[in-house]
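Peer 1: I have a structure here, written as C-alpha cells, and I will follow up with some questions on it.
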Amino acid sequence: MRIQRGRFELRPAGNTHPPAGGGKLMASPRAWVEVDLPALVRNANRAGPGPSLLPMIKADAYGLGAARVAGALTPLQPYAFGVATMEEGTALREAGVVGRIIVFFPSPNTESEALVSHRLDAAVLSVDALAALLPRSIRYGRRDGSWLHLEVDTGMGRGGLTLPQLEAVAPHLVDLPGRTGGDHGHIASMFTHLHSADSNRDAAKRQLDQFLRAAEIVTGAGLAKPLLHIGASHALKLGAHYHLDLVRPGICLYGGGPALESVVSVRARVLEVRELPPGSTVGYGASYTTTGRERIATLGMGYADGVPLEISNKGTFLLHGTRVPVRGRVCMDVTTVDVSRVPGVKPGDVATLLGRGSPDTAARAVGAEVRPARCGNDAAGGNAPGDATDEITLAELAGAAGTLEHKILTSLGLRLPRIYGGGPADG
Ligand SMILES: Cc1ncc(COP(=O)(O)O)c(C=O)c1O
C-alpha cells in the first residue's frame, strides 16, 4: 500500500523489528503506533540544515523504525546517521542506506573487521579503542582516520578521552596518512555529550569550554581540524554557539524535548466493556475498587506494548474526546479504564495513549470507510471528530510515568505495527 497525502500506511516496523506474529498486519489491529514522517522531517529541518545534521536513529530510531526514518530523512542529505551498535549499522546498510553511518558504541576489540567491511564509521571512546581501530585503517584499506569520530569526556564519564589523554595521543594521530597526499593526518570528527543540557546552563558552558580546549589540543599538535559536535536535542535551545559544525538530534525529531511538532500517536481498541457494581475490584492486586456503578473498558494494550506500569491507577487515555482514567494495575496485554462518563463506548472503539485523539486511522489505512460519527461513535469503529482536539503529549505521558520521553518511545512493544503517514512534508 502506498503513502497517500494526509493518510497513513499500514506497514511493519523496520526490518529489525517487525511486529510479532510474522509481520502480518490485521485489517483491524488491536493496537498500533502511528508515525507522522512529514512532521518528523519538519522537526529535522528546524534542527538545522541537512549537511550539518547527524540524526540519531539508534535503538531502531527510538522504536519507530530506523530504515523508514532514514528513508524519510535521506533527501535532506544529512552528514551521517547515528546508531548505537554495529548490528544497527549493518541492518541499515542491508536496508539500502548508502550514506555515512556512525556507530556510537562499538566494541572495537570484536567488531573492527565488521565495521570496516560494512563501511561503518566508528566513535572512538578510549585510548585502547583508538589502538584497536587505527591498525584496521591501514590493514583494511581505510587508510586514514576519515571513518573515526573521537569522543572527548567532558563530564559524562561513560566514554571519551580526557584532555591529558588527548595531549598524549595527538602526536600519533598527526602521523596518520593524510586525506590527500600532502595533508596532515586527520580524523573525521570530534565530539562530546552534554549531561545536563535541559537543566544546567552553567554546566553545559563548562563542558563546551572544555571541549573547545580539546579541539585546540589536537589542532595545536598539527592534526587537520576535524568537524566538531556537542549538541543533542536539548542543546539546540542553548544557542547557536552550541551548534558548532554538526548537531546530533534524537528525541526532538520524534516529537519530544524542544520539538515543535508531535510525531507519534499510540492507539488501542476497546476489547470489552463491563458494568461493575459498587465494591468490585479491578486488576492484579485488586488495587482499585469501584465506589459506585462503573463502566470499565478493557483496552487492547498493556505494559508489554509500552503502556508504562507507573500509570496504573493514575494515567489517562483519550476516548471519544474525553480523558478516561486508568483503573487498576496495567496488565501485560491490556489496560482497564473507567468510561462511565463517556456514552456509547463499545468494543472496537479506539483509545489514544499518546498523541491527539483521532478518527480511526488504522481503519483508513486499510481502506475501510470511516463514517462521520453519530452519538459519539459509529459502526465503522471511527471515533467522534471531537477526539482530535485534545492531546496527550510525550512530555505529559513521560511526566505521568515519572520517566523520560526517550524511554516511553523505546519501550513501545514489538507487536504493535507501525503505521507511517501524515500530511505532506512541505506543508
Ligand atoms: C552521543 C549521543 N548524541 C546524541 C544523542 C541524542 O540525544 P537526544 O535524544 O536527547 O537528542 C544521544 C542519545 O542518547 C547520544 O548518546
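All residue names refer to the C-alpha cells as shown: chains lettered A, B, ... in order, residues numbered from 1 in each chain, ligands numbered from 1 in order.
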Name the residues, by chain letter and number, that sit within 10 Å of ligand 1 using only C-alpha atoms and all ligand atoms, and give them as a PDB file with C-alpha atoms, in the first residue's frame.

Peer 2:
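This is the output file pocket-v1.pdb:
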ATOM      1  CA  LEU A  54      23.604  13.896  12.298  1.00  0.00           C
ATOM      2  CA  PRO A  55      20.183  12.412  13.112  1.00  0.00           C
ATOM      3  CA  MET A  56      20.357   9.850  15.901  1.00  0.00           C
ATOM      4  CA  ILE A  57      18.377   6.835  14.736  1.00  0.00           C
ATOM      5  CA  LYS A  58      19.786   4.357  17.238  1.00  0.00           C
ATOM      6  CA  ALA A  59      17.511   1.885  19.046  1.00  0.00           C
ATOM      7  CA  ALA A  61      15.008   5.255  15.632  1.00  0.00           C
ATOM      8  CA  TYR A  62      13.762   5.285  19.221  1.00  0.00           C
ATOM      9  CA  GLY A  82      23.985   7.874  14.214  1.00  0.00           C
ATOM     10  CA  VAL A  83      23.349   4.378  15.574  1.00  0.00           C
ATOM     11  CA  ALA A  84      24.498   2.707  18.773  1.00  0.00           C
ATOM     12  CA  VAL A 103      28.341   3.504  15.302  1.00  0.00           C
ATOM     13  CA  PHE A 104      28.476   5.410  18.586  1.00  0.00           C
ATOM     14  CA  PHE A 105      29.050   2.478  20.943  1.00  0.00           C
ATOM     15  CA  ALA A 123      33.121   6.530  17.504  1.00  0.00           C
ATOM     16  CA  GLU A 151      34.823  11.367  21.749  1.00  0.00           C
ATOM     17  CA  GLY A 159      33.341   7.262  27.262  1.00  0.00           C
ATOM     18  CA  PHE A 191      32.504  15.251  19.800  1.00  0.00           C
ATOM     19  CA  THR A 192      31.358  15.355  23.370  1.00  0.00           C
ATOM     20  CA  HIS A 193      27.975  14.879  25.035  1.00  0.00           C
ATOM     21  CA  LEU A 194      26.271  17.264  27.468  1.00  0.00           C
ATOM     22  CA  HIS A 195      24.969  15.736  30.673  1.00  0.00           C
ATOM     23  CA  ALA A 197      21.609  20.463  28.617  1.00  0.00           C
ATOM     24  CA  ASP A 198      17.988  20.695  29.754  1.00  0.00           C
ATOM     25  CA  HIS A 229      29.839  18.486  17.547  1.00  0.00           C
ATOM     26  CA  ILE A 230      28.348  18.722  21.008  1.00  0.00           C
ATOM     27  CA  GLY A 231      24.619  19.331  20.665  1.00  0.00           C
ATOM     28  CA  ALA A 232      21.824  16.773  21.050  1.00  0.00           C
ATOM     29  CA  SER A 233      18.177  17.884  21.173  1.00  0.00           C
ATOM     30  CA  HIS A 234      18.175  19.916  24.374  1.00  0.00           C
ATOM     31  CA  ALA A 235      21.374  21.759  23.402  1.00  0.00           C
ATOM     32  CA  LEU A 236      19.514  23.237  20.438  1.00  0.00           C
ATOM     33  CA  VAL A 247      24.133  18.677  15.583  1.00  0.00           C
ATOM     34  CA  ARG A 248      23.023  15.229  16.776  1.00  0.00           C
ATOM     35  CA  PRO A 249      19.267  15.494  17.405  1.00  0.00           C
ATOM     36  CA  GLY A 250      17.391  12.453  18.637  1.00  0.00           C
ATOM     37  CA  ILE A 251      14.249  12.942  20.692  1.00  0.00           C
ATOM     38  CA  CYS A 252      13.347  16.297  19.104  1.00  0.00           C
ATOM     39  CA  LEU A 253      12.988  14.568  15.733  1.00  0.00           C
ATOM     40  CA  TYR A 254      10.414  12.253  17.264  1.00  0.00           C
ATOM     41  CA  GLY A 256       9.997  15.237  22.345  1.00  0.00           C
ATOM     42  CA  GLY A 257      12.197  17.841  24.062  1.00  0.00           C
ATOM     43  CA  PRO A 258      12.206  21.112  22.147  1.00  0.00           C
ATOM     44  CA  ALA A 259      10.424  19.606  19.120  1.00  0.00           C
ATOM     45  CA  LEU A 404      11.982  10.069  30.160  1.00  0.00           C
ATOM     46  CA  GLU A 405      10.355  10.760  26.814  1.00  0.00           C
ATOM     47  CA  HIS A 406      13.117   8.615  25.299  1.00  0.00           C
TER      48      HIS A 406
END

Peer 1: Identify, on the basis of only C-alpha atoms, every residue whose closest approach to stretch 39-52 of chain A does not exceed 7 Å; exclude the query and any residue fewer than 5 positions from it along the same chain; express the result as a PyMOL selection string.

Peer 2: chain A and resi 72-73+76-79+245-247+252-254+259-261+263+425

Peer 1: Looking at only C-alpha atoms, which of A:Ala91, A:Leu309, A:Ala122, A:Leu394 is the one that sits closest to A:Ser146?

Peer 2: A:Ala122

Peer 1: How far is it from atom CA of A:Tyr420 to atom CA of A:Gly357, in Å with one decimal?

Peer 2: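 Computing it gives 16.8 Å between the two atoms.
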
Peer 1: From the options A:Gly71, A:Gly99, A:Gly89, A:Gly321, which residue's atoms come nearest to A:Ser117, counting only C-alpha atoms?

Peer 2: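 Among the listed residues, A:Gly89 lies closest to A:Ser117.
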
Peer 1: Residues of stretch 268-360 of chain A within 7 Å of stretch 412-418 of chain A: nearest atom pair and distance (Å, one decimal) for each, counting only C-alpha atoms, sorted by chain and number, as JSON lines?

Peer 2:
{"residue": "A:Ala304", "atom": "CA", "partner": "A:Gly413", "partner_atom": "CA", "distance": 5.9}
{"residue": "A:Asp305", "atom": "CA", "partner": "A:Gly413", "partner_atom": "CA", "distance": 3.9}
{"residue": "A:Gly306", "atom": "CA", "partner": "A:Leu412", "partner_atom": "CA", "distance": 4.3}

Peer 1: Select from stretch 39-283 of chain A everything DSSP, run on the backbone, classes as strand (DSSP E or B), then give the selection as JSON, numbers by chain.

Peer 2: {"A": [53, 56, 81, 82, 83, 101, 102, 103, 121, 122, 123, 124, 145, 146, 147, 148, 149, 150, 151, 152, 161, 178, 185, 187, 188, 189, 190, 191, 227, 228, 229, 230, 231, 246, 247, 264, 265, 266, 267, 268, 269, 270, 271, 272, 273, 274, 275, 276, 281, 282]}

Peer 1: I'd like the neighbourhood of A:Ala297 as a list in words, where a residue qualifies if any of its atoms comes within 6 Å (using only C-alpha atoms), though same-chain residues fewer than 2 positions away should be ignored.

Peer 2: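 Non-adjacent residues within range: Glu272, Val273, Thr336 and Val337 of chain A.
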
Peer 1: Pick from A:Ser262, A:Arg269, A:Lys314, A:Val339: nearest to A:Ser28, with only C-alpha atoms counted?

Peer 2: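 Checking each of A:Ser262, A:Arg269, A:Lys314, A:Val339 against A:Ser28, counting only C-alpha atoms, the winner is A:Arg269.
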
Peer 1: Would you please work out which residue, of A:Leu212, A:Ile102, A:Ile296, A:Val266, is nearest to A:Thr85 when using only C-alpha atoms?

Peer 2: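 Closest candidate: A:Ile102.
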